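Raw structure_8.cif, mmCIF, C-alpha atoms and all ligand atoms:
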data_protein
loop_
_atom_site.group_PDB
_atom_site.id
_atom_site.type_symbol
_atom_site.label_atom_id
_atom_site.label_comp_id
_atom_site.auth_asym_id
_atom_site.auth_seq_id
_atom_site.Cartn_x
_atom_site.Cartn_y
_atom_site.Cartn_z
ATOM 1 C CA MET A 14 -2.468 -21.132 1.813
ATOM 2 C CA LEU A 15 -4.721 -18.576 0.152
ATOM 3 C CA ASP A 16 -8.280 -19.248 1.219
ATOM 4 C CA LYS A 17 -10.043 -18.091 -1.935
ATOM 5 C CA GLN A 18 -13.381 -18.240 -0.183
ATOM 6 C CA ASN A 19 -12.859 -15.224 2.013
ATOM 7 C CA GLY A 20 -9.529 -13.872 0.835
ATOM 8 C CA VAL A 21 -7.625 -14.354 4.098
ATOM 9 C CA ILE A 22 -4.000 -14.881 3.042
ATOM 10 C CA GLY A 23 -2.823 -15.820 6.519
ATOM 11 C CA LYS A 24 -3.001 -15.142 10.225
ATOM 12 C CA TYR A 25 -0.386 -15.302 12.931
ATOM 13 C CA LYS A 26 -0.897 -14.922 16.647
ATOM 14 C CA GLY A 27 2.049 -14.123 18.885
ATOM 15 C CA SER A 28 2.744 -15.549 22.318
ATOM 16 C CA THR A 29 2.084 -12.230 24.056
ATOM 17 C CA SER A 30 -0.690 -9.712 23.623
ATOM 18 C CA GLY A 31 -0.233 -6.615 21.488
ATOM 19 C CA PRO A 32 -1.672 -4.696 18.557
ATOM 20 C CA LEU A 33 -3.599 -6.064 15.620
ATOM 21 C CA LEU A 34 -1.578 -5.569 12.436
ATOM 22 C CA ILE A 35 -3.762 -5.706 9.332
ATOM 23 C CA ILE A 36 -1.856 -6.107 6.077
ATOM 24 C CA THR A 37 -3.778 -5.845 2.830
ATOM 25 C CA ALA A 38 -2.445 -6.729 -0.611
ATOM 26 C CA GLY A 39 -3.963 -6.996 -4.061
ATOM 27 C CA MET A 40 -6.423 -4.142 -3.542
ATOM 28 C CA HIS A 41 -5.578 -3.745 -7.205
ATOM 29 C CA GLY A 42 -5.908 -7.181 -8.806
ATOM 30 C CA ASN A 43 -2.966 -6.636 -11.161
ATOM 31 C CA GLU A 44 -0.530 -6.245 -8.241
ATOM 32 C CA PRO A 45 0.428 -9.801 -7.204
ATOM 33 C CA ALA A 46 3.750 -8.972 -5.470
ATOM 34 C CA GLY A 47 2.203 -7.993 -2.126
ATOM 35 C CA VAL A 48 0.047 -11.123 -2.091
ATOM 36 C CA ARG A 49 3.062 -13.347 -2.789
ATOM 37 C CA ALA A 50 5.025 -11.467 -0.108
ATOM 38 C CA LEU A 51 2.332 -12.189 2.490
ATOM 39 C CA GLU A 52 2.141 -15.873 1.539
ATOM 40 C CA LEU A 53 5.913 -16.116 2.093
ATOM 41 C CA LEU A 54 5.790 -14.011 5.271
ATOM 42 C CA PHE A 55 3.293 -16.314 6.988
ATOM 43 C CA LYS A 56 5.467 -19.312 6.071
ATOM 44 C CA MET A 57 8.512 -17.507 7.512
ATOM 45 C CA LEU A 58 6.643 -16.745 10.748
ATOM 46 C CA GLU A 59 5.708 -20.407 11.134
ATOM 47 C CA VAL A 60 9.330 -21.609 10.878
ATOM 48 C CA GLU A 61 11.031 -18.702 12.673
ATOM 49 C CA PRO A 62 10.478 -20.041 16.234
ATOM 50 C CA ILE A 63 12.068 -23.356 15.151
ATOM 51 C CA THR A 64 15.267 -21.809 13.832
ATOM 52 C CA ASN A 65 15.305 -18.988 16.406
ATOM 53 C CA PRO A 66 13.888 -20.289 19.734
ATOM 54 C CA SER A 67 14.040 -16.838 21.356
ATOM 55 C CA PHE A 68 11.745 -15.371 18.677
ATOM 56 C CA SER A 69 8.507 -14.004 19.985
ATOM 57 C CA TYR A 70 5.764 -11.940 18.398
ATOM 58 C CA ARG A 71 3.546 -9.481 20.232
ATOM 59 C CA GLY A 72 -0.065 -9.288 19.062
ATOM 60 C CA GLU A 73 -1.591 -10.637 15.888
ATOM 61 C CA ILE A 74 -1.176 -10.216 12.146
ATOM 62 C CA ILE A 75 -3.820 -10.838 9.541
ATOM 63 C CA GLY A 76 -3.146 -10.705 5.793
ATOM 64 C CA ILE A 77 -6.134 -9.966 3.567
ATOM 65 C CA LEU A 78 -6.464 -10.072 -0.224
ATOM 66 C CA GLY A 79 -8.096 -6.831 -1.354
ATOM 67 C CA ASN A 80 -9.879 -7.667 -4.586
ATOM 68 C CA THR A 81 -10.314 -11.428 -4.975
ATOM 69 C CA LEU A 82 -12.032 -11.499 -8.384
ATOM 70 C CA ALA A 83 -9.799 -8.840 -9.966
ATOM 71 C CA PHE A 84 -6.787 -10.770 -8.605
ATOM 72 C CA ASP A 85 -8.026 -13.979 -10.280
ATOM 73 C CA GLN A 86 -8.547 -12.095 -13.530
ATOM 74 C CA LYS A 87 -5.261 -10.147 -13.198
ATOM 75 C CA VAL A 88 -6.998 -6.789 -13.758
ATOM 76 C CA ARG A 89 -6.838 -3.630 -11.637
ATOM 77 C CA TYR A 90 -10.566 -3.747 -10.878
ATOM 78 C CA ILE A 91 -13.889 -5.133 -12.129
ATOM 79 C CA ASP A 92 -16.366 -2.222 -11.824
ATOM 80 C CA GLN A 93 -14.518 0.577 -10.013
ATOM 81 C CA ASP A 94 -11.127 1.189 -8.405
ATOM 82 C CA ILE A 95 -11.568 -0.225 -4.890
ATOM 83 C CA ASN A 96 -9.030 2.263 -3.566
ATOM 84 C CA ARG A 97 -11.405 5.142 -4.336
ATOM 85 C CA LEU A 98 -14.444 3.503 -2.710
ATOM 86 C CA TRP A 99 -13.616 3.568 1.001
ATOM 87 C CA THR A 100 -16.215 6.289 1.503
ATOM 88 C CA LYS A 101 -19.233 7.078 3.634
ATOM 89 C CA ASN A 102 -21.390 6.509 0.557
ATOM 90 C CA THR A 103 -20.131 2.905 0.267
ATOM 91 C CA MET A 104 -20.636 2.342 4.009
ATOM 92 C CA ASP A 105 -24.204 3.645 3.738
ATOM 93 C CA LYS A 106 -24.880 1.300 0.821
ATOM 94 C CA ILE A 107 -23.494 -1.665 2.766
ATOM 95 C CA HIS A 108 -25.464 -0.653 5.860
ATOM 96 C CA ASN A 109 -28.708 -0.218 3.913
ATOM 97 C CA ASP A 110 -28.188 -3.508 2.104
ATOM 98 C CA VAL A 111 -28.694 -2.002 -1.356
ATOM 99 C CA LEU A 112 -27.298 -3.534 -4.549
ATOM 100 C CA LEU A 113 -23.495 -3.344 -4.412
ATOM 101 C CA ASN A 114 -21.087 -3.331 -7.331
ATOM 102 C CA HIS A 115 -18.218 -5.808 -7.285
ATOM 103 C CA GLU A 116 -15.692 -3.672 -5.408
ATOM 104 C CA GLU A 117 -18.283 -2.589 -2.834
ATOM 105 C CA GLN A 118 -18.932 -6.281 -2.143
ATOM 106 C CA GLU A 119 -15.181 -6.791 -1.654
ATOM 107 C CA ILE A 120 -15.124 -3.914 0.855
ATOM 108 C CA LYS A 121 -18.043 -5.497 2.723
ATOM 109 C CA ARG A 122 -16.113 -8.798 2.852
ATOM 110 C CA ILE A 123 -12.887 -7.121 4.054
ATOM 111 C CA LEU A 124 -14.715 -5.221 6.794
ATOM 112 C CA SER A 125 -16.464 -8.354 8.006
ATOM 113 C CA ILE A 126 -13.072 -10.114 8.306
ATOM 114 C CA ILE A 127 -11.569 -7.161 10.195
ATOM 115 C CA ASP A 128 -14.613 -6.779 12.451
ATOM 116 C CA ALA A 129 -14.553 -10.485 13.371
ATOM 117 C CA GLU A 130 -10.849 -10.194 14.190
ATOM 118 C CA ILE A 131 -11.438 -7.141 16.383
ATOM 119 C CA GLU A 132 -14.314 -8.896 18.131
ATOM 120 C CA ASN A 133 -12.079 -11.872 18.816
ATOM 121 C CA LEU A 134 -8.878 -10.060 19.810
ATOM 122 C CA LYS A 135 -10.210 -6.804 21.321
ATOM 123 C CA PRO A 136 -6.988 -4.962 20.469
ATOM 124 C CA GLU A 137 -6.171 -1.638 22.081
ATOM 125 C CA LYS A 138 -4.345 -0.487 18.977
ATOM 126 C CA ILE A 139 -4.551 -1.340 15.272
ATOM 127 C CA TYR A 140 -1.965 -0.817 12.561
ATOM 128 C CA MET A 141 -2.678 -1.147 8.869
ATOM 129 C CA LEU A 142 -0.215 -1.615 6.028
ATOM 130 C CA ASP A 143 -1.622 -1.584 2.489
ATOM 131 C CA LEU A 144 0.801 -3.142 -0.034
ATOM 132 C CA HIS A 145 0.835 -1.946 -3.636
ATOM 133 C CA THR A 146 3.085 -1.876 -6.703
ATOM 134 C CA THR A 147 3.201 0.554 -9.623
ATOM 135 C CA SER A 148 2.908 0.345 -13.408
ATOM 136 C CA SER A 149 6.178 2.286 -13.724
ATOM 137 C CA ALA A 150 9.597 1.047 -12.659
ATOM 138 C CA GLY A 151 12.007 2.509 -10.119
ATOM 139 C CA GLY A 152 11.597 4.111 -6.731
ATOM 140 C CA ILE A 153 9.870 2.443 -3.854
ATOM 141 C CA PHE A 154 7.935 4.688 -1.465
ATOM 142 C CA CYS A 155 5.490 4.901 1.432
ATOM 143 C CA ILE A 156 2.326 6.960 1.436
ATOM 144 C CA ALA A 157 1.699 8.318 4.908
ATOM 145 C CA THR A 158 -1.378 9.929 6.383
ATOM 146 C CA ASP A 159 -0.996 13.270 8.182
ATOM 147 C CA ASN A 160 -0.617 11.284 11.423
ATOM 148 C CA GLU A 161 2.874 11.707 12.933
ATOM 149 C CA GLU A 162 3.181 8.028 13.770
ATOM 150 C CA SER A 163 2.332 7.118 10.171
ATOM 151 C CA ILE A 164 5.136 9.388 8.924
ATOM 152 C CA ALA A 165 7.570 7.969 11.511
ATOM 153 C CA ILE A 166 6.734 4.395 10.474
ATOM 154 C CA GLY A 167 7.346 5.385 6.841
ATOM 155 C CA HIS A 168 10.844 6.560 7.726
ATOM 156 C CA ASP A 169 11.434 3.335 9.689
ATOM 157 C CA ILE A 170 10.426 1.338 6.613
ATOM 158 C CA HIS A 171 13.398 3.007 4.885
ATOM 159 C CA ALA A 172 11.591 4.165 1.801
ATOM 160 C CA PRO A 173 10.844 7.760 0.799
ATOM 161 C CA VAL A 174 7.715 9.040 2.525
ATOM 162 C CA VAL A 175 5.195 10.821 0.305
ATOM 163 C CA LEU A 176 3.063 13.449 2.032
ATOM 164 C CA ASN A 177 -0.010 15.316 0.816
ATOM 165 C CA LEU A 178 -0.996 12.593 -1.637
ATOM 166 C CA LEU A 179 -4.311 11.969 0.045
ATOM 167 C CA GLY A 180 -5.519 15.504 -0.515
ATOM 168 C CA ASP A 181 -5.572 14.817 -4.247
ATOM 169 C CA LEU A 182 -7.416 11.528 -3.915
ATOM 170 C CA GLY A 183 -10.464 10.329 -2.033
ATOM 171 C CA GLY A 184 -11.763 7.021 -0.748
ATOM 172 C CA THR A 185 -8.425 5.234 -0.243
ATOM 173 C CA THR A 186 -7.846 2.750 2.581
ATOM 174 C CA LEU A 187 -5.721 5.445 4.222
ATOM 175 C CA HIS A 188 -8.637 7.855 4.227
ATOM 176 C CA PHE A 189 -10.927 5.281 5.785
ATOM 177 C CA PHE A 190 -8.608 3.680 8.353
ATOM 178 C CA HIS A 191 -7.489 7.024 9.727
ATOM 179 C CA ASP A 192 -7.081 7.810 13.455
ATOM 180 C CA THR A 193 -9.785 5.448 14.734
ATOM 181 C CA TYR A 194 -11.719 2.432 13.556
ATOM 182 C CA ARG A 195 -14.595 1.195 15.725
ATOM 183 C CA GLU A 196 -13.303 3.596 18.376
ATOM 184 C CA ILE A 197 -9.904 1.876 18.457
ATOM 185 C CA PRO A 198 -6.844 4.012 17.590
ATOM 186 C CA ILE A 199 -5.467 3.023 14.201
ATOM 187 C CA THR A 200 -2.357 4.112 12.318
ATOM 188 C CA SER A 201 -2.176 3.347 8.609
ATOM 189 C CA ILE A 202 0.387 3.539 5.851
ATOM 190 C CA ALA A 203 0.670 2.310 2.264
ATOM 191 C CA PHE A 204 3.820 0.899 0.676
ATOM 192 C CA GLU A 205 4.567 0.868 -3.047
ATOM 193 C CA GLY A 206 7.121 -1.887 -3.672
ATOM 194 C CA GLY A 207 8.222 -1.218 -7.260
ATOM 195 C CA HIS A 208 6.992 -2.442 -10.620
ATOM 196 C CA HIS A 209 4.016 -4.856 -10.698
ATOM 197 C CA GLU A 210 5.938 -7.640 -12.431
ATOM 198 C CA ASN A 211 9.433 -7.215 -10.963
ATOM 199 C CA PRO A 212 10.239 -10.289 -8.808
ATOM 200 C CA MET A 213 12.215 -8.002 -6.456
ATOM 201 C CA SER A 214 8.973 -6.209 -5.594
ATOM 202 C CA VAL A 215 8.045 -9.320 -3.564
ATOM 203 C CA ASN A 216 11.273 -9.055 -1.534
ATOM 204 C CA ARG A 217 10.728 -5.343 -0.992
ATOM 205 C CA CYS A 218 7.169 -5.924 0.258
ATOM 206 C CA ILE A 219 8.466 -8.571 2.703
ATOM 207 C CA ALA A 220 11.099 -6.106 3.899
ATOM 208 C CA ALA A 221 8.470 -3.394 4.392
ATOM 209 C CA VAL A 222 6.345 -5.750 6.502
ATOM 210 C CA ILE A 223 9.306 -6.759 8.659
ATOM 211 C CA ASN A 224 10.331 -3.134 9.099
ATOM 212 C CA ILE A 225 6.847 -2.095 10.202
ATOM 213 C CA MET A 226 6.771 -4.972 12.710
ATOM 214 C CA ARG A 227 10.070 -3.723 14.137
ATOM 215 C CA SER A 228 8.931 -0.097 14.044
ATOM 216 C CA ILE A 229 5.760 -0.785 16.053
ATOM 217 C CA GLY A 230 7.616 -3.092 18.461
ATOM 218 C CA THR A 231 5.860 -6.380 17.736
ATOM 219 C CA ILE A 232 9.213 -8.049 17.034
ATOM 220 C CA LEU A 233 12.602 -7.300 18.568
ATOM 221 C CA PRO A 234 15.248 -5.617 16.419
ATOM 222 C CA GLU A 235 17.690 -8.489 17.070
ATOM 223 C CA ASP A 236 15.192 -10.918 15.537
ATOM 224 C CA VAL A 237 15.335 -9.102 12.230
ATOM 225 C CA ALA A 238 17.805 -10.278 9.636
ATOM 226 C CA ASN A 239 19.739 -7.331 8.210
ATOM 227 C CA ARG A 240 19.320 -8.543 4.677
ATOM 228 C CA HIS A 241 15.656 -7.493 4.716
ATOM 229 C CA ASP A 242 16.512 -3.952 5.636
ATOM 230 C CA GLN A 243 19.370 -3.840 3.147
ATOM 231 C CA VAL A 244 16.946 -4.532 0.292
ATOM 232 C CA LEU A 245 15.185 -1.235 1.000
ATOM 233 C CA LEU A 246 18.232 0.762 2.061
ATOM 234 C CA ASP A 247 20.014 -0.171 -1.180
ATOM 235 C CA HIS A 248 17.014 0.749 -3.239
ATOM 236 C CA SER A 249 16.272 4.091 -1.606
ATOM 237 C CA LYS A 250 19.770 5.460 -0.922
ATOM 238 C CA GLU A 251 19.677 7.837 -3.910
ATOM 239 C CA LEU A 252 16.104 8.932 -3.207
ATOM 240 C CA PRO A 253 14.831 11.860 -1.109
ATOM 241 C CA LYS A 254 13.746 10.918 2.427
ATOM 242 C CA THR A 255 10.479 12.885 2.458
ATOM 243 C CA VAL A 256 8.570 14.454 -0.426
ATOM 244 C CA GLU A 257 5.258 16.194 -0.830
ATOM 245 C CA VAL A 258 2.866 16.120 -3.746
ATOM 246 C CA ILE A 259 2.609 19.473 -5.506
ATOM 247 C CA TYR A 260 0.700 18.432 -8.630
ATOM 248 C CA LYS A 261 -1.494 15.673 -10.038
ATOM 249 C CA TYR A 262 -2.578 15.253 -13.649
ATOM 250 C CA HIS A 263 -6.123 13.874 -13.838
ATOM 251 C CA VAL A 264 -7.034 11.598 -16.766
ATOM 252 C CA ASP A 265 -10.724 11.632 -17.651
ATOM 253 C CA ASP A 266 -10.580 9.000 -20.376
ATOM 254 C CA ILE A 267 -7.753 6.479 -20.147
ATOM 255 C CA SER A 268 -8.232 5.425 -23.796
ATOM 256 C CA LEU A 269 -6.928 8.875 -24.844
ATOM 257 C CA TRP A 270 -3.885 8.726 -22.541
ATOM 258 C CA GLU A 271 -0.381 7.823 -23.627
ATOM 259 C CA MET A 272 2.536 8.289 -21.261
ATOM 260 C CA ILE A 273 5.882 8.716 -23.022
ATOM 261 C CA PRO A 274 7.604 5.333 -22.470
ATOM 262 C CA GLY A 275 10.421 4.822 -20.001
ATOM 263 C CA PHE A 276 9.632 7.232 -17.163
ATOM 264 C CA THR A 277 10.316 5.889 -13.669
ATOM 265 C CA ASN A 278 9.286 6.830 -10.138
ATOM 266 C CA PHE A 279 11.427 9.660 -8.714
ATOM 267 C CA GLU A 280 12.814 10.545 -12.121
ATOM 268 C CA LYS A 281 13.910 14.186 -12.019
ATOM 269 C CA ILE A 282 11.823 16.250 -14.417
ATOM 270 C CA HIS A 283 11.863 19.916 -15.345
ATOM 271 C CA LYS A 284 9.225 22.499 -16.107
ATOM 272 C CA ASN A 285 7.769 22.184 -19.631
ATOM 273 C CA GLN A 286 9.202 18.682 -20.119
ATOM 274 C CA HIS A 287 7.043 16.602 -22.472
ATOM 275 C CA LEU A 288 5.607 13.740 -20.381
ATOM 276 C CA ALA A 289 2.572 12.371 -22.193
ATOM 277 C CA GLU A 290 -0.024 12.781 -24.924
ATOM 278 C CA TYR A 291 -3.701 13.246 -24.094
ATOM 279 C CA ASP A 292 -6.270 13.230 -26.904
ATOM 280 C CA GLY A 293 -3.540 14.171 -29.379
ATOM 281 C CA SER A 294 -2.201 17.092 -27.299
ATOM 282 C CA ARG A 295 1.147 17.385 -25.568
ATOM 283 C CA VAL A 296 1.085 17.139 -21.775
ATOM 284 C CA VAL A 297 4.051 18.941 -20.228
ATOM 285 C CA SER A 298 5.217 19.297 -16.651
ATOM 286 C CA PRO A 299 4.129 22.566 -15.037
ATOM 287 C CA PHE A 300 6.934 22.319 -12.445
ATOM 288 C CA ASP A 301 10.452 21.115 -11.734
ATOM 289 C CA GLY A 302 10.416 18.140 -9.386
ATOM 290 C CA TYR A 303 10.359 14.372 -9.185
ATOM 291 C CA LEU A 304 7.872 12.339 -11.202
ATOM 292 C CA LEU A 305 5.763 9.830 -9.287
ATOM 293 C CA MET A 306 3.510 7.045 -10.557
ATOM 294 C CA PRO A 307 3.536 7.802 -14.305
ATOM 295 C CA LEU A 308 0.529 5.824 -15.538
ATOM 296 C CA TYR A 309 1.278 2.893 -17.836
ATOM 297 C CA ASN A 310 -1.828 0.865 -16.870
ATOM 298 C CA SER A 311 -4.784 0.482 -19.194
ATOM 299 C CA GLN A 312 -7.053 1.377 -16.251
ATOM 300 C CA GLY A 313 -6.779 4.365 -13.908
ATOM 301 C CA GLU A 314 -7.316 8.093 -13.770
ATOM 302 C CA ASP A 315 -4.171 9.570 -12.212
ATOM 303 C CA GLY A 316 -1.811 10.345 -15.107
ATOM 304 C CA PHE A 317 1.160 11.238 -12.912
ATOM 305 C CA PHE A 318 2.112 13.099 -9.764
ATOM 306 C CA ILE A 319 4.902 15.620 -9.248
ATOM 307 C CA VAL A 320 6.587 15.709 -5.858
ATOM 308 C CA GLN A 321 9.240 17.938 -4.296
ATOM 309 C CA GLU A 322 11.619 17.178 -1.488
ATOM 310 C CA VAL A 323 10.711 18.272 2.047
ATOM 311 C CA PRO A 324 13.942 19.058 3.898
ATOM 312 C CA ASP A 325 14.773 17.666 7.344
ATOM 313 C CA MET A 326 11.812 15.564 8.399
HETATM 314 ZN ZN ZN B 401 -2.227 -0.364 -6.232
#

Write the structure described by the file as structure tokens, please.
Amino acid sequence: MLDKQNGVIGKYKGSTSGPLLIITAGMHGNEPAGVRALELLFKMLEVEPITNPSFSYRGEIIGILGNTLAFDQKVRYIDQDINRLWTKNTMDKIHNDVLLNHEEQEIKRILSIIDAEIENLKPEKIYMLDLHTTSSAGGIFCIATDNEESIAIGHDIHAPVVLNLLGDLGGTTLHFFHDTYREIPITSIAFEGGHHENPMSVNRCIAAVINIMRSIGTILPEDVANRHDQVLLDHSKELPKTVEVIYKYHVDDISLWEMIPGFTNFEKIHKNQHLAEYDGSRVVSPFDGYLLMPLYNSQGEDGFFIVQEVPDM
């Protein structure tokens, strides 16, 4: 199903008009679960009307592989992390037709797919879901923008919603596809489905996609099998509903970084707890809170994040 030529994983057009839902996976080439989830999702959508004749979909979905070459090579990226390159600088380079590095070429390809789809469909509204997994185990979560609808969708996905993450990063898909794209309103969210290699991460990514489709009203709630939702509800029941990032540890040189083994997402940590070694020195937590995305990859520059619960959102 995966068209390696242009990285379109699948497309599905409903019987009635509605929003364009763009789902990206494998922005990081070492994260195959989202790609597998989309391959299965498009198969499920093809058979659903046969087993459930009342099923109807509103609008169109397109699934796009983020980094085709890194995915083939099973590495996070080739030249640069693509999820830090969705910037004006990259757009200027594409526009001016200057020499692009590998990930900039992938961005050019992704935008040409999206632009062709918009040209064809002329949607009044676009939604984007960017599927990821983490190098640490435990704790699924959504990363929302500061847009209220993005936060609401995150809660509907039934995974903890992480706020304020984008302030510490730059050039992510969520920064770029924020509020409007080509003058069309767009709402974006990212989903982190668990550990890269855990087979359950595929199921959780499928569940996140189905929950976003229900949340934005492109499928009817009665068409959604409860088992999908249960996958996420079971996994997030012990986790806080909404958290905000209060700290990020930046890693300049990944070769000097060593996270203490065994930390998981949403593990409770306390101030001064020993978390990692950097260049032979102890790295300790400056705060009490929950640990997020402790870095066990051999590529990357975010050592870990600390988040705290936001009450009543
Ligand atoms: Zn990722």

In terms of all atoms listed in the file, the residue from A:Lys24, A:Arg217, A:Lys284, A:Arg89 at minimal distance from ligand ZN 401 (chain B) is A:Arg89

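Of the listed residues (A:Asp143, A:Glu132, A:Asp85, A:Glu61), A:Asp143 comes nearest to A:Met40; the distances count only C-alpha atoms.
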
Using all atoms listed in the file, which residues sit within 9 Å of A:Gln312 once same-chain residues fewer than 5 positions away are excluded, as an mmCIF file with C-alpha atoms, in the coordinates of the input?
data_model
loop_
_atom_site.group_PDB
_atom_site.id
_atom_site.type_symbol
_atom_site.label_atom_id
_atom_site.label_comp_id
_atom_site.auth_asym_id
_atom_site.auth_seq_id
_atom_site.Cartn_x
_atom_site.Cartn_y
_atom_site.Cartn_z
ATOM 1 C CA VAL A 88 -6.998 -6.789 -13.758
ATOM 2 C CA ARG A 89 -6.838 -3.630 -11.637
ATOM 3 C CA TYR A 90 -10.566 -3.747 -10.878
ATOM 4 C CA ASP A 94 -11.127 1.189 -8.405
ATOM 5 C CA ILE A 267 -7.753 6.479 -20.147
ATOM 6 C CA SER A 268 -8.232 5.425 -23.796
#

Could you pull out the residues sitting within 12 Å of ligand ZN 401 (chain B), using only C-alpha atoms and all ligand atoms, and write them as number ranges by chain? A: 37-48, 79-80, 83-84, 88-90, 94-97, 143-149, 156, 185-186, 203-209, 306, 308, 310, 312-313, 315

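Candidate residues A:Val258, A:Ile22, A:Leu112, A:Ala172 were compared for distance to A:Leu246, and the nearest is A:Ala172, using all atoms listed in the file.
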
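Residue neighbourhood of stretch 62-66 of chain A, excluding near-sequence residues (fewer than 3 positions): Gly27, Ser28, Lys56, Met57, Leu58, Glu59, Ser69, Tyr70, Glu235, Asp236, Val237 and Ala238 of chain A, at 12 Å, using all atoms listed in the file.
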
Output of the PyMOL selection byres (((chain A and resi 29) around 12) and not hetatm), listed as number ranges by chain: A: 25-28, 30-33, 68-73, 134, 231-232

Atoms added to stretch 146-160 of chain A (N, CA and C atoms), reported as a PDB file, in the frame of the given file:
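The file below, result-v3.pdb, is the result:
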ATOM      1  N   THR A 146       1.957  -2.060  -5.777  1.00  0.00           N
ATOM      2  CA  THR A 146       3.085  -1.876  -6.703  1.00  0.00           C
ATOM      3  C   THR A 146       2.610  -0.904  -7.780  1.00  0.00           C
ATOM      4  N   THR A 147       3.533  -0.478  -8.632  1.00  0.00           N
ATOM      5  CA  THR A 147       3.201   0.554  -9.623  1.00  0.00           C
ATOM      6  C   THR A 147       3.419   0.040 -11.044  1.00  0.00           C
ATOM      7  N   SER A 148       2.775   0.728 -11.999  1.00  0.00           N
ATOM      8  CA  SER A 148       2.908   0.345 -13.408  1.00  0.00           C
ATOM      9  C   SER A 148       4.205   0.882 -14.009  1.00  0.00           C
ATOM     10  N   SER A 149       4.883   1.774 -13.278  1.00  0.00           N
ATOM     11  CA  SER A 149       6.178   2.286 -13.724  1.00  0.00           C
ATOM     12  C   SER A 149       7.267   1.660 -12.866  1.00  0.00           C
ATOM     13  N   ALA A 150       8.481   1.639 -13.394  1.00  0.00           N
ATOM     14  CA  ALA A 150       9.597   1.047 -12.659  1.00  0.00           C
ATOM     15  C   ALA A 150      10.239   2.085 -11.752  1.00  0.00           C
ATOM     16  N   GLY A 151      11.176   1.598 -10.916  1.00  0.00           N
ATOM     17  CA  GLY A 151      12.007   2.509 -10.119  1.00  0.00           C
ATOM     18  C   GLY A 151      11.293   2.994  -8.884  1.00  0.00           C
ATOM     19  N   GLY A 152      12.103   3.369  -7.869  1.00  0.00           N
ATOM     20  CA  GLY A 152      11.597   4.111  -6.731  1.00  0.00           C
ATOM     21  C   GLY A 152      10.479   3.508  -5.915  1.00  0.00           C
ATOM     22  N   ILE A 153      10.858   2.874  -4.837  1.00  0.00           N
ATOM     23  CA  ILE A 153       9.870   2.443  -3.854  1.00  0.00           C
ATOM     24  C   ILE A 153       9.468   3.651  -3.005  1.00  0.00           C
ATOM     25  N   PHE A 154       8.306   3.608  -2.387  1.00  0.00           N
ATOM     26  CA  PHE A 154       7.935   4.688  -1.465  1.00  0.00           C
ATOM     27  C   PHE A 154       6.785   4.284  -0.563  1.00  0.00           C
ATOM     28  N   CYS A 155       6.624   5.058   0.522  1.00  0.00           N
ATOM     29  CA  CYS A 155       5.490   4.901   1.432  1.00  0.00           C
ATOM     30  C   CYS A 155       4.565   6.092   1.247  1.00  0.00           C
ATOM     31  N   ILE A 156       3.290   5.862   1.408  1.00  0.00           N
ATOM     32  CA  ILE A 156       2.326   6.960   1.436  1.00  0.00           C
ATOM     33  C   ILE A 156       1.798   7.032   2.867  1.00  0.00           C
ATOM     34  N   ALA A 157       2.097   8.160   3.515  1.00  0.00           N
ATOM     35  CA  ALA A 157       1.699   8.318   4.908  1.00  0.00           C
ATOM     36  C   ALA A 157       0.427   9.152   4.985  1.00  0.00           C
ATOM     37  N   THR A 158      -0.282   9.002   6.096  1.00  0.00           N
ATOM     38  CA  THR A 158      -1.378   9.929   6.383  1.00  0.00           C
ATOM     39  C   THR A 158      -0.749  11.177   7.016  1.00  0.00           C
ATOM     40  N   ASP A 159      -1.572  12.101   7.499  1.00  0.00           N
ATOM     41  CA  ASP A 159      -0.996  13.270   8.182  1.00  0.00           C
ATOM     42  C   ASP A 159      -0.696  12.981   9.653  1.00  0.00           C
ATOM     43  N   ASN A 160      -0.891  11.714  10.055  1.00  0.00           N
ATOM     44  CA  ASN A 160      -0.617  11.284  11.423  1.00  0.00           C
ATOM     45  C   ASN A 160       0.898  11.134  11.624  1.00  0.00           C
TER      46      ASN A 160
END
